[in-house]
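Engineer: Data: query.cif, mmCIF, C-alpha atoms.
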```
data_work
loop_
_atom_site.group_PDB
_atom_site.id
_atom_site.type_symbol
_atom_site.label_atom_id
_atom_site.label_comp_id
_atom_site.auth_asym_id
_atom_site.auth_seq_id
_atom_site.Cartn_x
_atom_site.Cartn_y
_atom_site.Cartn_z
ATOM 1 C CA MET A 1 -91.980 -188.304 -34.777
ATOM 2 C CA PRO A 2 -88.583 -188.960 -33.149
ATOM 3 C CA THR A 3 -85.852 -190.546 -35.234
ATOM 4 C CA LEU A 4 -85.604 -194.304 -34.720
ATOM 5 C CA PRO A 5 -82.337 -196.221 -34.540
ATOM 6 C CA GLU A 6 -81.205 -197.320 -38.013
ATOM 7 C CA TYR A 7 -81.788 -201.039 -37.417
ATOM 8 C CA GLU A 8 -85.336 -200.409 -36.202
ATOM 9 C CA GLN A 9 -86.044 -198.154 -39.180
ATOM 10 C CA GLN A 10 -84.778 -200.839 -41.560
ATOM 11 C CA VAL A 11 -86.937 -203.555 -39.983
ATOM 12 C CA ARG A 12 -90.002 -201.309 -40.106
ATOM 13 C CA GLN A 13 -89.319 -200.382 -43.718
ATOM 14 C CA THR A 14 -88.632 -203.969 -44.776
ATOM 15 C CA HIS A 15 -91.967 -205.077 -43.306
ATOM 16 C CA ALA A 16 -93.959 -201.942 -44.208
ATOM 17 C CA GLU A 17 -96.526 -203.843 -46.285
ATOM 18 C CA LEU A 18 -97.263 -206.294 -43.453
ATOM 19 C CA ILE A 19 -97.498 -203.491 -40.892
ATOM 20 C CA HIS A 20 -99.926 -201.551 -43.086
ATOM 21 C CA ALA A 21 -101.967 -204.673 -43.850
ATOM 22 C CA VAL A 22 -102.450 -205.461 -40.156
ATOM 23 C CA VAL A 23 -103.376 -201.870 -39.286
ATOM 24 C CA ASN A 24 -105.820 -201.773 -42.216
ATOM 25 C CA ALA A 25 -107.364 -205.101 -41.142
ATOM 26 C CA CYS A 26 -107.820 -203.771 -37.600
ATOM 27 C CA VAL A 27 -109.492 -200.612 -38.843
ATOM 28 C CA ASN A 28 -111.593 -202.332 -41.541
ATOM 29 C CA ILE A 29 -112.831 -205.824 -40.693
ATOM 30 C CA ASP A 30 -113.495 -206.500 -44.402
ATOM 31 C CA ARG A 31 -109.706 -206.452 -44.992
ATOM 32 C CA ARG A 32 -109.000 -209.346 -42.583
ATOM 33 C CA ALA A 33 -109.623 -212.015 -45.216
ATOM 34 C CA GLU A 34 -106.809 -210.501 -47.307
ATOM 35 C CA LEU A 35 -104.431 -210.871 -44.372
ATOM 36 C CA GLU A 36 -105.079 -214.574 -43.673
ATOM 37 C CA PRO A 37 -102.892 -215.932 -46.542
ATOM 38 C CA VAL A 38 -100.085 -213.637 -45.378
ATOM 39 C CA LEU A 39 -100.344 -214.979 -41.820
ATOM 40 C CA GLN A 40 -100.502 -218.561 -43.099
ATOM 41 C CA ALA A 41 -97.329 -218.004 -45.131
ATOM 42 C CA ALA A 42 -95.635 -216.429 -42.115
ATOM 43 C CA ARG A 43 -96.550 -219.436 -39.946
ATOM 44 C CA SER A 44 -95.243 -221.888 -42.534
ATOM 45 C CA ASN A 45 -91.978 -219.904 -42.727
ATOM 46 C CA GLY A 46 -91.343 -220.158 -38.987
ATOM 47 C CA TRP A 47 -92.891 -216.859 -37.853
ATOM 48 C CA GLU A 48 -95.399 -218.500 -35.498
ATOM 49 C CA ALA A 49 -94.828 -216.084 -32.606
ATOM 50 C CA LEU A 50 -95.357 -213.013 -34.783
ATOM 51 C CA SER A 51 -98.431 -214.567 -36.434
ATOM 52 C CA MET A 52 -99.965 -215.367 -33.040
ATOM 53 C CA THR A 53 -99.240 -211.844 -31.842
ATOM 54 C CA ILE A 54 -100.847 -210.340 -34.948
ATOM 55 C CA GLU A 55 -103.908 -212.539 -34.402
ATOM 56 C CA GLN A 56 -104.149 -211.180 -30.844
ATOM 57 C CA ILE A 57 -103.940 -207.625 -32.189
ATOM 58 C CA LEU A 58 -106.674 -208.442 -34.725
ATOM 59 C CA GLY A 59 -108.702 -209.743 -31.772
ATOM 60 C CA GLY A 60 -108.451 -206.364 -30.059
ATOM 61 C CA ARG A 61 -105.388 -206.615 -27.808
ATOM 62 C CA ARG A 62 -103.268 -203.478 -27.742
ATOM 63 C CA ASP A 63 -101.059 -203.727 -24.629
ATOM 64 C CA ASP A 64 -97.263 -203.730 -24.540
ATOM 65 C CA ALA A 65 -97.299 -207.222 -22.999
ATOM 66 C CA LEU A 66 -97.707 -208.455 -26.576
ATOM 67 C CA LEU A 67 -93.968 -207.751 -26.990
ATOM 68 C CA ASN A 68 -93.004 -210.268 -24.278
ATOM 69 C CA GLY A 69 -91.258 -213.329 -25.664
ATOM 70 C CA LEU A 70 -90.803 -211.964 -29.181
ATOM 71 C CA ASP A 71 -87.396 -211.779 -30.824
ATOM 72 C CA LYS A 72 -86.048 -208.325 -31.652
ATOM 73 C CA GLU A 73 -87.378 -208.155 -35.212
ATOM 74 C CA ASP A 74 -90.850 -209.440 -34.304
ATOM 75 C CA ALA A 75 -91.007 -206.962 -31.411
ATOM 76 C CA ILE A 76 -90.135 -204.068 -33.735
ATOM 77 C CA ILE A 77 -92.856 -205.136 -36.196
ATOM 78 C CA THR A 78 -95.426 -205.543 -33.398
ATOM 79 C CA LYS A 79 -94.525 -202.189 -31.882
ATOM 80 C CA ALA A 80 -94.867 -200.524 -35.306
ATOM 81 C CA ILE A 81 -98.343 -202.038 -35.700
ATOM 82 C CA LEU A 82 -99.439 -200.874 -32.239
ATOM 83 C CA GLU A 83 -98.038 -197.385 -32.830
ATOM 84 C CA GLY A 84 -99.675 -197.261 -36.273
ATOM 85 C CA LEU A 85 -103.042 -198.082 -34.729
ATOM 86 C CA GLN A 86 -102.656 -195.187 -32.279
ATOM 87 C CA ASN A 87 -101.193 -192.737 -34.785
ATOM 88 C CA PRO A 88 -101.199 -193.603 -38.520
ATOM 89 C CA ALA A 89 -98.530 -190.924 -39.090
ATOM 90 C CA THR A 90 -95.994 -193.295 -37.481
ATOM 91 C CA LEU A 91 -96.479 -195.984 -40.151
ATOM 92 C CA PRO A 92 -93.484 -196.626 -42.433
ATOM 93 C CA GLU A 93 -93.766 -195.490 -46.038
ATOM 94 C CA ARG A 94 -95.142 -198.249 -48.239
ATOM 95 C CA ASN A 95 -93.203 -197.598 -51.425
ATOM 96 C CA LYS A 96 -89.834 -196.726 -49.919
ATOM 97 C CA GLN A 97 -87.182 -199.428 -50.200
ATOM 98 C CA ALA A 98 -85.022 -200.298 -47.229
ATOM 99 C CA ASP A 99 -81.320 -199.489 -47.684
ATOM 100 C CA PRO A 100 -79.672 -202.897 -48.189
ATOM 101 C CA THR A 101 -76.322 -201.688 -46.812
ATOM 102 C CA MET A 102 -78.037 -201.023 -43.493
ATOM 103 C CA ALA A 103 -78.846 -204.723 -43.308
ATOM 104 C CA ALA A 104 -75.178 -205.688 -42.905
ATOM 105 C CA PRO A 105 -74.885 -205.317 -39.102
ATOM 106 C CA GLY A 106 -78.064 -207.261 -38.334
ATOM 107 C CA LEU A 107 -77.310 -209.936 -40.893
ATOM 108 C CA ALA A 108 -73.733 -210.227 -39.630
ATOM 109 C CA HIS A 109 -74.981 -210.813 -36.082
ATOM 110 C CA MET A 110 -77.309 -213.555 -37.309
ATOM 111 C CA ILE A 111 -74.574 -215.243 -39.369
ATOM 112 C CA HIS A 112 -72.119 -214.949 -36.468
ATOM 113 C CA ALA A 113 -74.602 -216.516 -34.034
ATOM 114 C CA ALA A 114 -75.513 -219.258 -36.531
ATOM 115 C CA SER A 115 -71.845 -220.090 -37.056
ATOM 116 C CA ARG A 116 -71.552 -220.584 -33.300
ATOM 117 C CA GLY A 117 -74.435 -223.065 -33.241
ATOM 118 C CA ASP A 118 -77.348 -220.830 -32.174
ATOM 119 C CA PRO A 119 -80.366 -222.796 -33.483
ATOM 120 C CA GLN A 120 -82.693 -219.768 -33.641
ATOM 121 C CA ALA A 121 -80.133 -217.756 -35.620
ATOM 122 C CA LEU A 122 -79.484 -220.712 -37.916
ATOM 123 C CA GLN A 123 -83.204 -221.080 -38.590
ATOM 124 C CA GLY A 124 -83.521 -217.326 -39.193
ATOM 125 C CA VAL A 125 -80.593 -217.242 -41.613
ATOM 126 C CA SER A 126 -81.921 -220.320 -43.408
ATOM 127 C CA LEU A 127 -85.346 -218.738 -43.882
ATOM 128 C CA MET A 128 -83.769 -215.505 -45.034
ATOM 129 C CA ALA A 129 -81.482 -217.323 -47.479
ATOM 130 C CA GLU A 130 -84.454 -219.224 -48.886
ATOM 131 C CA GLN A 131 -86.376 -215.994 -49.460
ATOM 132 C CA MET A 132 -83.331 -214.264 -50.953
ATOM 133 C CA THR A 133 -82.679 -217.060 -53.440
ATOM 134 C CA GLN A 134 -86.208 -216.565 -54.759
ATOM 135 C CA ALA A 135 -85.361 -212.939 -55.573
ATOM 136 C CA THR A 136 -83.295 -211.775 -58.518
ATOM 137 C CA GLY A 137 -79.839 -210.306 -59.032
ATOM 138 C CA ASP A 138 -77.391 -209.665 -56.223
ATOM 139 C CA LEU A 139 -79.899 -210.578 -53.509
ATOM 140 C CA ARG A 140 -80.290 -214.019 -55.043
ATOM 141 C CA LEU A 141 -76.501 -214.457 -55.164
ATOM 142 C CA LEU A 142 -76.146 -213.345 -51.538
ATOM 143 C CA GLY A 143 -78.838 -215.811 -50.463
ATOM 144 C CA GLY A 144 -76.851 -218.576 -52.118
ATOM 145 C CA LEU A 145 -73.744 -217.556 -50.146
ATOM 146 C CA MET A 146 -75.245 -217.850 -46.658
ATOM 147 C CA HIS A 147 -74.054 -221.424 -46.105
ATOM 148 C CA ARG A 148 -70.496 -220.435 -47.050
ATOM 149 C CA LEU A 149 -70.607 -217.377 -44.767
ATOM 150 C CA ILE A 150 -71.872 -219.448 -41.816
ATOM 151 C CA ASN A 151 -69.046 -221.910 -42.446
ATOM 152 C CA GLY A 152 -66.446 -219.144 -42.277
ATOM 153 C CA GLU A 153 -65.796 -218.165 -45.915
ATOM 154 C CA ARG A 154 -64.450 -214.586 -45.919
ATOM 155 C CA ASN A 155 -62.654 -214.228 -49.278
ATOM 156 C CA PRO A 156 -64.244 -211.129 -50.854
ATOM 157 C CA ASP A 157 -63.020 -211.961 -54.375
ATOM 158 C CA ALA A 158 -64.653 -215.384 -54.293
ATOM 159 C CA LEU A 159 -67.835 -214.201 -52.579
ATOM 160 C CA CYS A 160 -68.389 -211.110 -54.754
ATOM 161 C CA LYS A 161 -67.978 -213.009 -58.016
ATOM 162 C CA GLY A 162 -70.791 -212.084 -60.398
ATOM 163 C CA MET A 163 -72.228 -209.319 -58.220
ATOM 164 C CA GLY A 164 -72.927 -205.775 -59.291
ATOM 165 C CA PRO A 165 -71.608 -202.718 -57.428
ATOM 166 C CA SER A 166 -74.448 -202.523 -54.882
ATOM 167 C CA GLY A 167 -74.227 -206.259 -54.137
ATOM 168 C CA GLU A 168 -70.473 -205.989 -53.690
ATOM 169 C CA GLN A 169 -70.926 -203.030 -51.354
ATOM 170 C CA LEU A 170 -73.433 -204.971 -49.238
ATOM 171 C CA LEU A 171 -71.241 -208.066 -49.128
ATOM 172 C CA LEU A 172 -68.119 -206.065 -48.235
ATOM 173 C CA SER A 173 -70.058 -204.300 -45.453
ATOM 174 C CA LEU A 174 -71.244 -207.690 -44.245
ATOM 175 C CA LEU A 175 -67.700 -209.081 -44.231
ATOM 176 C CA GLU A 176 -66.475 -206.020 -42.344
ATOM 177 C CA GLU A 177 -69.154 -206.520 -39.695
ATOM 178 C CA LEU A 178 -68.363 -210.243 -39.428
ATOM 179 C CA ASN A 179 -64.673 -209.451 -38.944
ATOM 180 C CA LYS A 180 -65.550 -207.012 -36.140
ATOM 181 C CA LEU A 181 -67.648 -209.673 -34.439
ATOM 182 C CA ASN A 182 -64.871 -212.266 -34.730
ATOM 183 C CA MET A 183 -62.443 -209.862 -33.030
ATOM 184 C CA GLN A 184 -64.699 -209.433 -29.986
#
```
Re-express the file's structure as structure tokens.
Structural biologist:
Amino acid sequence: MPTLPEYEQQVRQTHAELIHAVVNACVNIDRRAELEPVLQAARSNGWEALSMTIEQILGGRRDDALLNGLDKEDAIITKAILEGLQNPATLPERNKQADPTMAAPGLAHMIHAASRGDPQALQGVSLMAEQMTQATGDLRLLGGLMHRLINGERNPDALCKGMGPSGEQLLLSLLEELNKLNMQ
């Protein structure tokens, strides 16, 4: 399998469980009931387009036109599902964790767009922050900082307060990416 760009790999890895669940539900109709609560949660969290696309895949659609109108992340997830149905060897590993430092560029772009008033980016960052604050440790702290980052806070000492080394590394990478975007 060819090497995917880092961002695409991270999205696929982050959503590996969902991708596997959809492929399994397509292959084994008895597994579809397990997927319904996941799709309901996705719809209630603002992922209507992806949920509708997954429902079309469950209904038998397999064409690339499914990607039309999806945002970048949803398109990557959909493409991974379609590829996994054709060749299960392309599926992301289930138990492998995504590298959080690789999230910095994508997250920085979302924060940058949200700070400039992009409603879709603002909604995406808000949903992400909500999910992060339900986690533990550094991820929870970072989720709580999203509002400050959108509003322009860039002081690493203030933002990294209470974080461990990996959280600090992620936040510093994020700040570096935000600074690059502000210079463009």
Engineer: Taking (-78.0, -206.3, -41.7) in the file's coordinates, which residues come within 12 Å, counting only C-alpha atoms, written as a VMD selection string?
Structural biologist: chain A and resid 6 to 11 14 73 98 to 112 125 128 170 to 178
Engineer: Kindly indicate which residue among A:Val27, A:Ile81, A:Leu141, A:Leu50 lies nearest to A:Gly164, using only C-alpha atoms for the distances.
Structural biologist: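 For A:Gly164, the nearest of the candidates is A:Leu141.
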Engineer: Which is closest to A:Asp138 among A:Arg32, A:Lys161, A:Lys79, A:His20, if we use only C-alpha atoms?
Structural biologist: A:Lys161
Engineer: Can you list, as a ChimeraX atom specification, every protein, DNA or RNA residue that comes within 12 Å of A:Ala41 when you count all atoms listed in the file, leaving out same-chain residues fewer than 4 positions away?
Structural biologist: /A:18,35-37,45-48,50-51,131
Engineer: Which residue out of A:Glu153, A:Asp71, A:Val22, A:Ala135 has the minimum interatomic distance to A:Gln56 when only C-alpha atoms are used?
Structural biologist: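 Closest candidate: A:Val22.
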Engineer: Could you please determine the separation between atom CA of A:Arg43 and atom CA of A:Leu142 in Å, to one decimal place?
Structural biologist: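 Result for atom CA of A:Arg43 versus atom CA of A:Leu142: 24.2 Å, one decimal.
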Engineer: Quick check, in Å to one decimal: how far apart do atom CA of A:Thr53 and atom CA of A:Leu66 lie?
Structural biologist: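 Answer for the atom CA of A:Thr53 to atom CA of A:Leu66 separation: 6.4 Å.
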Engineer: Could you check how far atom CA of A:Arg140 sits from atom CA of A:Ser126, in Å to one decimal?
Structural biologist: 13.3 Å
Engineer: Since I can't run it myself right now, could you work out what the PyMOL selection byres ((chain A and resi 17) around 12) selects here and report it as JSON, numbers by chain?
Structural biologist: {"A": [11, 12, 13, 14, 15, 16, 18, 19, 20, 21, 22, 23, 24, 35, 38, 77, 80, 81, 91, 92, 93, 94, 95, 96, 97]}
Engineer: Just the residues within 7 Å of A:Leu70, please, counting only C-alpha atoms, with nothing from its chain fewer than 4 positions along; format it as a list in words.
Structural biologist: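 The residues that qualify are Ala49, Asp74 and Ala75 of chain A.
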Engineer: Restricting the calculation to all atoms listed in the file: of A:Glu83, A:Ser115, A:Ala25, A:Leu181, which residue gets closest to A:Glu55?
Structural biologist: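 Looking at the shortest contact to A:Glu55, the residue is A:Ala25.
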